[in-house]
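So this block is structure_24.pdb, PDB, C-alpha atoms:
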ATOM      1  CA  MET R   1     -18.050   1.164  38.543
ATOM      2  CA  SER R   2     -17.026   4.754  37.955
ATOM      3  CA  GLY R   3     -20.589   6.039  37.728
ATOM      4  CA  LYS R   4     -20.096   7.410  34.234
ATOM      5  CA  LEU R   5     -22.854   6.563  31.810
ATOM      6  CA  PHE R   6     -21.757   5.478  28.356
ATOM      7  CA  GLU R   7     -23.908   4.933  25.306
ATOM      8  CA  PHE R   8     -22.799   2.540  22.616
ATOM      9  CA  ILE R   9     -24.443   2.703  19.239
ATOM     10  CA  THR R  10     -24.627  -0.740  17.717
ATOM     11  CA  THR R  11     -26.683  -2.889  15.416
ATOM     12  CA  VAL R  12     -26.006  -5.939  17.572
ATOM     13  CA  PHE R  13     -28.831  -6.453  20.042
ATOM     14  CA  ASP R  14     -28.303  -9.985  21.355
ATOM     15  CA  VAL R  15     -25.019  -9.263  23.169
ATOM     16  CA  PRO R  16     -24.755  -8.057  26.783
ATOM     17  CA  PRO R  17     -23.697  -4.402  27.199
ATOM     18  CA  GLY R  18     -20.463  -5.392  28.972
ATOM     19  CA  VAL R  19     -19.360  -7.338  25.906
ATOM     20  CA  ILE R  20     -20.025  -4.328  23.677
ATOM     21  CA  ALA R  21     -17.967  -2.154  26.047
ATOM     22  CA  SER R  22     -15.145  -4.719  26.011
ATOM     23  CA  LEU R  23     -15.162  -4.783  22.206
ATOM     24  CA  TYR R  24     -14.926  -0.980  22.092
ATOM     25  CA  LYS R  25     -11.968  -1.145  24.490
ATOM     26  CA  ARG R  26     -10.231  -3.742  22.334
ATOM     27  CA  ARG R  27     -10.865  -1.609  19.269
ATOM     28  CA  TRP R  28      -9.197   1.292  21.040
ATOM     29  CA  ASP R  29      -6.151  -0.916  21.726
ATOM     30  CA  ILE R  30      -5.974  -1.682  18.004
ATOM     31  CA  GLU R  31      -6.148   2.048  17.219
ATOM     32  CA  LYS R  32      -3.169   2.578  19.541
ATOM     33  CA  VAL R  33      -1.190   0.025  17.501
ATOM     34  CA  PHE R  34      -2.063   1.911  14.314
ATOM     35  CA  ASP R  35      -0.919   5.125  16.014
ATOM     36  CA  GLU R  36       2.381   3.469  16.956
ATOM     37  CA  LEU R  37       2.942   2.278  13.385
ATOM     38  CA  LYS R  38       2.104   5.672  11.931
ATOM     39  CA  ASN R  39       3.842   8.002  14.360
ATOM     40  CA  LYS R  40       6.732   5.994  15.808
ATOM     41  CA  LEU R  41       7.591   3.769  12.869
ATOM     42  CA  ASN R  42       6.809   6.473  10.292
ATOM     43  CA  GLU R  43       4.505   4.251   8.243
ATOM     44  CA  SER R  44       1.895   6.783   7.218
ATOM     45  CA  LYS R  45       1.379   5.987   3.556
ATOM     46  CA  ALA R  46       1.409   3.078   1.163
ATOM     47  CA  TRP R  47       4.644   2.100  -0.526
ATOM     48  CA  ALA R  48       2.891   1.334  -3.798
ATOM     49  CA  THR R  49      -0.549   1.472  -5.365
ATOM     50  CA  SER R  50      -1.339  -2.114  -6.353
ATOM     51  CA  PRO R  51      -3.560  -4.187  -4.056
ATOM     52  CA  THR R  52      -0.850  -6.858  -3.819
ATOM     53  CA  ALA R  53       1.785  -4.343  -2.734
ATOM     54  CA  LYS R  54      -0.569  -2.833  -0.150
ATOM     55  CA  GLU R  55      -1.347  -6.275   1.211
ATOM     56  CA  MET R  56       2.368  -7.095   1.427
ATOM     57  CA  GLN R  57       2.986  -3.833   3.279
ATOM     58  CA  ALA R  58       0.220  -4.659   5.746
ATOM     59  CA  HIS R  59       1.812  -8.072   6.371
ATOM     60  CA  PHE R  60       5.230  -6.474   6.897
ATOM     61  CA  LEU R  61       3.762  -3.972   9.363
ATOM     62  CA  CYS R  62       2.073  -6.777  11.314
ATOM     63  CA  LEU R  63       5.350  -8.669  11.309
ATOM     64  CA  ALA R  64       7.234  -5.578  12.540
ATOM     65  CA  HIS R  65       4.677  -5.058  15.318
ATOM     66  CA  ASN R  66       4.896  -8.700  16.397
ATOM     67  CA  LEU R  67       8.698  -8.679  16.316
ATOM     68  CA  LEU R  68       8.723  -5.548  18.487
ATOM     69  CA  GLU R  69       6.347  -7.285  20.889
ATOM     70  CA  LEU R  70       8.578 -10.370  21.023
ATOM     71  CA  LEU R  71      11.651  -8.207  21.600
ATOM     72  CA  THR R  72       9.876  -6.301  24.381
ATOM     73  CA  ARG R  73       8.907  -9.562  26.075
ATOM     74  CA  ARG R  74      12.386 -11.036  25.633
ATOM     75  CA  LEU R  75      14.006  -7.941  27.118
ATOM     76  CA  ALA R  76      11.684  -8.218  30.118
ATOM     77  CA  ALA R  77      11.986 -11.974  30.623
ATOM     78  CA  GLU R  78      15.680 -12.515  29.936
ATOM     79  CA  HIS R  79      17.207  -9.163  30.894
ATOM     80  CA  GLN R  80      14.632  -7.578  33.260
ATOM     81  CA  ILE R  81      14.499  -4.507  31.012
ATOM     82  CA  ARG R  82      11.075  -2.869  31.005
ATOM     83  CA  ASP R  83       9.679   0.551  30.298
ATOM     84  CA  GLU R  84       9.346   1.226  34.022
ATOM     85  CA  ALA R  85       8.404   4.873  33.500
ATOM     86  CA  GLY R  86       5.556   3.872  31.184
ATOM     87  CA  LEU R  87       4.412   1.183  33.607
ATOM     88  CA  ARG R  88       4.471   3.682  36.493
ATOM     89  CA  ARG R  89       2.398   6.186  34.481
ATOM     90  CA  GLN R  90      -0.083   3.461  33.612
ATOM     91  CA  GLN R  91      -0.369   2.330  37.233
ATOM     92  CA  LYS R  92      -0.752   5.941  38.398
ATOM     93  CA  ARG R  93      -3.674   6.465  35.990
ATOM     94  CA  LEU R  94      -5.303   3.260  37.206
ATOM     95  CA  ASP R  95      -4.814   4.295  40.850
ATOM     96  CA  GLN R  96      -6.380   7.690  40.103
ATOM     97  CA  GLN R  97      -9.368   6.010  38.463
ATOM     98  CA  LYS R  98      -9.752   3.668  41.456
ATOM     99  CA  ALA R  99      -9.570   6.593  43.887
ATOM    100  CA  ALA R 100     -12.139   8.592  41.921
ATOM    101  CA  ALA R 101     -14.477   5.587  41.846
ATOM    102  CA  ALA R 102     -13.961   4.899  45.577
ATOM    103  CA  LYS R 103     -14.724   8.543  46.355
ATOM    104  CA  LYS R 104     -18.117   7.967  44.743
ATOM    105  CA  GLY R 105     -18.583   4.673  46.587
ATOM    106  CA  ARG R 106     -18.018   2.615  43.480
ATOM    107  CA  ILE R 107     -15.448   0.190  42.110
ATOM    108  CA  LEU R 108     -13.797   0.040  38.714
ATOM    109  CA  SER R 109     -14.913  -2.534  36.197
ATOM    110  CA  SER R 110     -12.823  -5.659  35.967
ATOM    111  CA  LEU R 111     -12.320  -4.701  32.303
ATOM    112  CA  LEU R 112      -9.994  -1.994  33.617
ATOM    113  CA  THR R 113      -8.433  -3.758  36.588
ATOM    114  CA  ALA R 114      -8.037  -7.407  35.519
ATOM    115  CA  SER R 115      -4.903  -6.748  33.520
ATOM    116  CA  LEU R 116      -2.988  -3.700  32.490
ATOM    117  CA  ARG R 117      -3.363  -2.823  28.873
ATOM    118  CA  PRO R 118      -0.329  -3.263  26.647
ATOM    119  CA  LEU R 119       1.868  -0.216  26.512
ATOM    120  CA  GLN R 120       2.845   1.349  23.262
ATOM    121  CA  ARG R 121       6.498   0.779  22.639
ATOM    122  CA  SER R 122       8.444   3.808  23.793
ATOM    123  CA  ILE R 123      10.152   5.991  21.266
ATOM    124  CA  LYS R 124      13.317   5.342  23.302
ATOM    125  CA  LEU R 125      13.159   1.633  22.434
ATOM    126  CA  ILE R 126      12.433   2.297  18.772
ATOM    127  CA  ARG R 127      15.278   4.813  18.427
ATOM    128  CA  TRP R 128      17.627   2.438  20.256
ATOM    129  CA  LEU R 129      16.642  -0.362  17.908
ATOM    130  CA  ARG R 130      17.083   1.830  14.809
ATOM    131  CA  THR R 131      20.541   2.866  15.993
ATOM    132  CA  HIS R 132      21.761  -0.674  16.648
ATOM    133  CA  TRP R 133      19.872  -2.658  14.007
ATOM    134  CA  PHE R 134      22.652  -2.802  11.425
ATOM    135  CA  PHE R 135      25.527  -3.614  13.767
ATOM    136  CA  SER R 136      26.655  -7.216  13.575
ATOM    137  CA  ALA R 137      27.241  -7.625  17.282
ATOM    138  CA  PRO R 138      25.373  -9.531  19.986
ATOM    139  CA  LEU R 139      22.282  -7.902  21.434
ATOM    140  CA  ALA R 140      23.814  -8.008  24.903
ATOM    141  CA  GLN R 141      26.480  -5.536  23.801
ATOM    142  CA  PHE R 142      23.839  -2.840  23.247
ATOM    143  CA  LEU R 143      21.650  -3.509  26.297
ATOM    144  CA  PRO R 144      23.525  -1.159  28.683
ATOM    145  CA  ARG R 145      22.617   1.783  26.454
ATOM    146  CA  LEU R 146      18.943   0.791  26.492
ATOM    147  CA  ILE R 147      19.068   0.454  30.274
ATOM    148  CA  ARG R 148      20.501   3.994  30.502
ATOM    149  CA  LEU R 149      17.795   5.312  28.143
ATOM    150  CA  TYR R 150      15.039   3.721  30.214
ATOM    151  CA  ALA R 151      16.569   5.129  33.412
ATOM    152  CA  VAL R 152      15.763   8.678  32.267
ATOM    153  CA  ASP R 153      12.105   9.699  32.661
TER     154      ASP R 153
END

Taking this structure as input, can you express it in the form of structure tokens?
Amino acid sequence: MSGKLFEFITTVFDVPPGVIASLYKRRWDIEKVFDELKNKLNESKAWATSPTAKEMQAHFLCLAHNLLELLTRRLAAEHQIRDEAGLRRQQKRLDQQKAAAAKKGRILSSLLTASLRPLQRSIKLIRWLRTHWFFSAPLAQFLPRLIRLYAVD
């Protein structure tokens, strides 16, 4: 453990503290998705005022997020294209946290080390996708440009 003391305010008393901490972490991951939708996909306000229209917009945003996730996974699995710079930054932060904990004679929680958290999609990927979305050509034709974009830190 890092040695930092955290207090969680909750009305749930029959759940172990580690579960509460994990739920807070998951909530933070959800907030990062909202941030991505708002700041990278420019979805900061409702398209209409009716409850039905707002619900439809929410469904479209979830669909857009999931399609971006599928594309990211497909690029990695089929074309070995990943946001290496983002992954390196993430690993560097984790290594720094491990070193700080080790310096204090502690270890990091498995909540932090078991799996790396999902990265936000890079603005490079989103801009690349916006640029090539309306071209009626195979995806493979546009991959070299994405590879070049990812090559620049």

Which residues would end up in the selection if the PyMOL selection byres ((chain R and resi 6-8) around 9) were applied here, given that I need the answer as an NGL selection string?
:R and (4-5 or 9-10 or 17 or 20-21 or 24)

At a cut-off of 12 Å from (-2.4, 2.9, 21.2) in the coordinates of the file, what residues are picked up using only C-alpha atoms, written as a list in words?
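Looking at atoms near the point gives Lys25, Arg26, Arg27, Trp28, Asp29, Ile30, Glu31, Lys32, Val33, Phe34, Asp35, Glu36, Leu37, Lys38, Asn39, Lys40, Arg117, Pro118, Leu119, Gln120, Arg121 and Ser122 of chain R.
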
Based on the selection just made, write C-alpha atoms of those residues as a short mmCIF file (atom, residue, chain, number, x, y, z; two decimals), in the frame of the given file.
data_model
loop_
_atom_site.label_atom_id
_atom_site.label_comp_id
_atom_site.auth_asym_id
_atom_site.auth_seq_id
_atom_site.Cartn_x
_atom_site.Cartn_y
_atom_site.Cartn_z
CA LYS R 25 -11.97 -1.14 24.49
CA ARG R 26 -10.23 -3.74 22.33
CA ARG R 27 -10.86 -1.61 19.27
CA TRP R 28 -9.20 1.29 21.04
CA ASP R 29 -6.15 -0.92 21.73
CA ILE R 30 -5.97 -1.68 18.00
CA GLU R 31 -6.15 2.05 17.22
CA LYS R 32 -3.17 2.58 19.54
CA VAL R 33 -1.19 0.02 17.50
CA PHE R 34 -2.06 1.91 14.31
CA ASP R 35 -0.92 5.12 16.01
CA GLU R 36 2.38 3.47 16.96
CA LEU R 37 2.94 2.28 13.38
CA LYS R 38 2.10 5.67 11.93
CA ASN R 39 3.84 8.00 14.36
CA LYS R 40 6.73 5.99 15.81
CA ARG R 117 -3.36 -2.82 28.87
CA PRO R 118 -0.33 -3.26 26.65
CA LEU R 119 1.87 -0.22 26.51
CA GLN R 120 2.84 1.35 23.26
CA ARG R 121 6.50 0.78 22.64
CA SER R 122 8.44 3.81 23.79
#

Expressed in Å to a single decimal, how great is the separation between CA of His79 in chain R and CA of Pro144 in chain R?
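These atoms are spaced 10.4 Å apart.
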
What's the separation between CA of Gln80 in chain R and CA of Glu43 in chain R, in Å to one decimal place?
29.5 Å

Which of these, R:Gln97, R:Thr131, R:Lys104, R:Asp83, has the shortest distance to Arg148 in chain R once you count only C-alpha atoms?
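Closest residue, counting only C-alpha atoms: R:Asp83.
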
Residues near Phe142 in chain R, anyone? I mean within 12 Å using all atoms listed in the file, not counting same-chain ones fewer than 2 positions away, as a list in words.
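Those residues are Leu75, His79, Leu125, Trp128, Leu129, Arg130, Thr131, His132, Trp133, Phe134, Phe135, Ser136, Ala137, Pro138, Leu139, Ala140, Pro144, Arg145, Leu146, Ile147, Arg148 and Leu149 of chain R.
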
Could you check the closest approach to Trp47 in chain R for each of R:Leu61, R:Ile107, R:Leu143, R:Ala101 and tell me which residue wins, using all atoms listed in the file?
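Under the stated criterion, the closest residue is R:Leu61.
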
Among R:Ala76, R:Ala58, R:Ala85, R:Leu71, Val152 in chain R is approached most closely, using all atoms listed in the file, by R:Ala85

Listed atoms of range 3-9 of chain R boxed axis-aligned with 6 Å per side, centre + edges as JSON:
{"center_x": -22.3, "center_y": 5.0, "center_z": 28.5, "size_x": 16.3, "size_y": 16.9, "size_z": 30.5}

What does the distance from CA of Lys103 in chain R to CA of Gly18 in chain R come to in Å, to one decimal?
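Distance between the two atoms: 23.0 Å.
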
Mind writing range 23-122 of chain R to a file for me, with C-alpha atoms, as a CSV table (one decimal), in the first residue's frame?
chain,number,residue,atom,x,y,z
R,23,LEU,CA,-16.2,1.6,-6.6
R,24,TYR,CA,-14.8,5.1,-6.3
R,25,LYS,CA,-12.0,4.2,-8.8
R,26,ARG,CA,-14.6,2.8,-11.3
R,27,ARG,CA,-16.6,6.0,-10.9
R,28,TRP,CA,-13.5,8.0,-11.7
R,29,ASP,CA,-13.1,5.9,-14.9
R,30,ILE,CA,-16.7,6.8,-15.9
R,31,GLU,CA,-15.9,10.5,-15.3
R,32,LYS,CA,-13.0,10.2,-17.7
R,33,VAL,CA,-15.4,8.8,-20.4
R,34,PHE,CA,-17.7,11.8,-19.8
R,35,ASP,CA,-14.6,14.1,-20.1
R,36,GLU,CA,-13.7,12.4,-23.4
R,37,LEU,CA,-17.2,12.8,-24.8
R,38,LYS,CA,-17.3,16.5,-23.7
R,39,ASN,CA,-13.9,17.7,-24.6
R,40,LYS,CA,-12.7,15.4,-27.5
R,41,LEU,CA,-16.0,14.7,-29.2
R,42,ASN,CA,-17.4,18.2,-28.5
R,43,GLU,CA,-20.6,16.9,-26.9
R,44,SER,CA,-21.1,19.4,-24.2
R,45,LYS,CA,-24.8,20.2,-24.5
R,46,ALA,CA,-28.1,18.6,-25.4
R,47,TRP,CA,-29.3,18.6,-29.0
R,48,ALA,CA,-32.9,19.2,-28.0
R,49,THR,CA,-35.0,19.7,-24.9
R,50,SER,CA,-37.5,16.9,-24.8
R,51,PRO,CA,-36.8,13.9,-22.6
R,52,THR,CA,-37.0,11.5,-25.6
R,53,ALA,CA,-34.4,13.5,-27.6
R,54,LYS,CA,-32.1,13.7,-24.6
R,55,GLU,CA,-32.4,9.9,-24.1
R,56,MET,CA,-31.7,9.3,-27.8
R,57,GLN,CA,-28.6,11.5,-27.6
R,58,ALA,CA,-27.4,9.6,-24.5
R,59,HIS,CA,-27.8,6.3,-26.5
R,60,PHE,CA,-25.9,7.8,-29.5
R,61,LEU,CA,-23.1,8.9,-27.2
R,62,CYS,CA,-22.8,5.4,-25.7
R,63,LEU,CA,-22.8,3.9,-29.1
R,64,ALA,CA,-20.1,6.3,-30.3
R,65,HIS,CA,-18.0,5.5,-27.2
R,66,ASN,CA,-18.4,1.8,-27.8
R,67,LEU,CA,-17.6,2.0,-31.5
R,68,LEU,CA,-14.5,4.0,-30.7
R,69,GLU,CA,-13.5,1.2,-28.2
R,70,LEU,CA,-14.1,-1.5,-30.8
R,71,LEU,CA,-12.1,0.4,-33.3
R,72,THR,CA,-9.2,0.9,-30.8
R,73,ARG,CA,-9.2,-2.8,-30.1
R,74,ARG,CA,-9.4,-3.8,-33.7
R,75,LEU,CA,-6.5,-1.5,-34.6
R,76,ALA,CA,-4.5,-3.1,-31.8
R,77,ALA,CA,-5.5,-6.7,-32.6
R,78,GLU,CA,-5.4,-6.7,-36.4
R,79,HIS,CA,-2.9,-4.0,-37.2
R,80,GLN,CA,-0.8,-3.7,-34.0
R,81,ILE,CA,-1.6,0.0,-33.8
R,82,ARG,CA,-1.7,1.3,-30.3
R,83,ASP,CA,-1.3,4.6,-28.5
R,84,GLU,CA,2.2,3.6,-27.4
R,85,ALA,CA,3.0,7.1,-26.1
R,86,GLY,CA,-0.1,7.0,-23.9
R,87,LEU,CA,0.7,3.5,-22.7
R,88,ARG,CA,4.3,4.5,-21.9
R,89,ARG,CA,3.0,7.5,-19.9
R,90,GLN,CA,0.6,5.3,-18.0
R,91,GLN,CA,3.3,2.7,-17.2
R,92,LYS,CA,5.7,5.5,-16.1
R,93,ARG,CA,3.1,6.8,-13.6
R,94,LEU,CA,2.5,3.2,-12.3
R,95,ASP,CA,6.3,2.7,-12.0
R,96,GLN,CA,6.6,6.0,-10.1
R,97,GLN,CA,3.8,5.0,-7.7
R,98,LYS,CA,5.5,1.6,-7.2
R,99,ALA,CA,8.8,3.2,-6.5
R,100,ALA,CA,7.3,5.7,-4.0
R,101,ALA,CA,5.5,2.8,-2.2
R,102,ALA,CA,8.7,0.7,-2.1
R,103,LYS,CA,10.6,3.6,-0.7
R,104,LYS,CA,8.2,3.6,2.2
R,105,GLY,CA,8.4,-0.2,2.5
R,106,ARG,CA,5.0,-0.7,1.1
R,107,ILE,CA,3.4,-2.2,-2.0
R,108,LEU,CA,0.7,-0.8,-4.3
R,109,SER,CA,-2.8,-2.2,-4.0
R,110,SER,CA,-3.8,-4.8,-6.6
R,111,LEU,CA,-6.6,-2.3,-7.6
R,112,LEU,CA,-3.8,-0.3,-9.2
R,113,THR,CA,-1.5,-3.0,-10.4
R,114,ALA,CA,-3.8,-5.9,-11.6
R,115,SER,CA,-4.6,-4.3,-14.9
R,116,LEU,CA,-3.9,-0.9,-16.5
R,117,ARG,CA,-6.9,1.3,-16.6
R,118,PRO,CA,-8.3,2.1,-20.0
R,119,LEU,CA,-6.8,5.0,-21.7
R,120,GLN,CA,-8.8,7.9,-23.0
R,121,ARG,CA,-8.8,7.8,-26.8
R,122,SER,CA,-6.1,10.2,-28.0
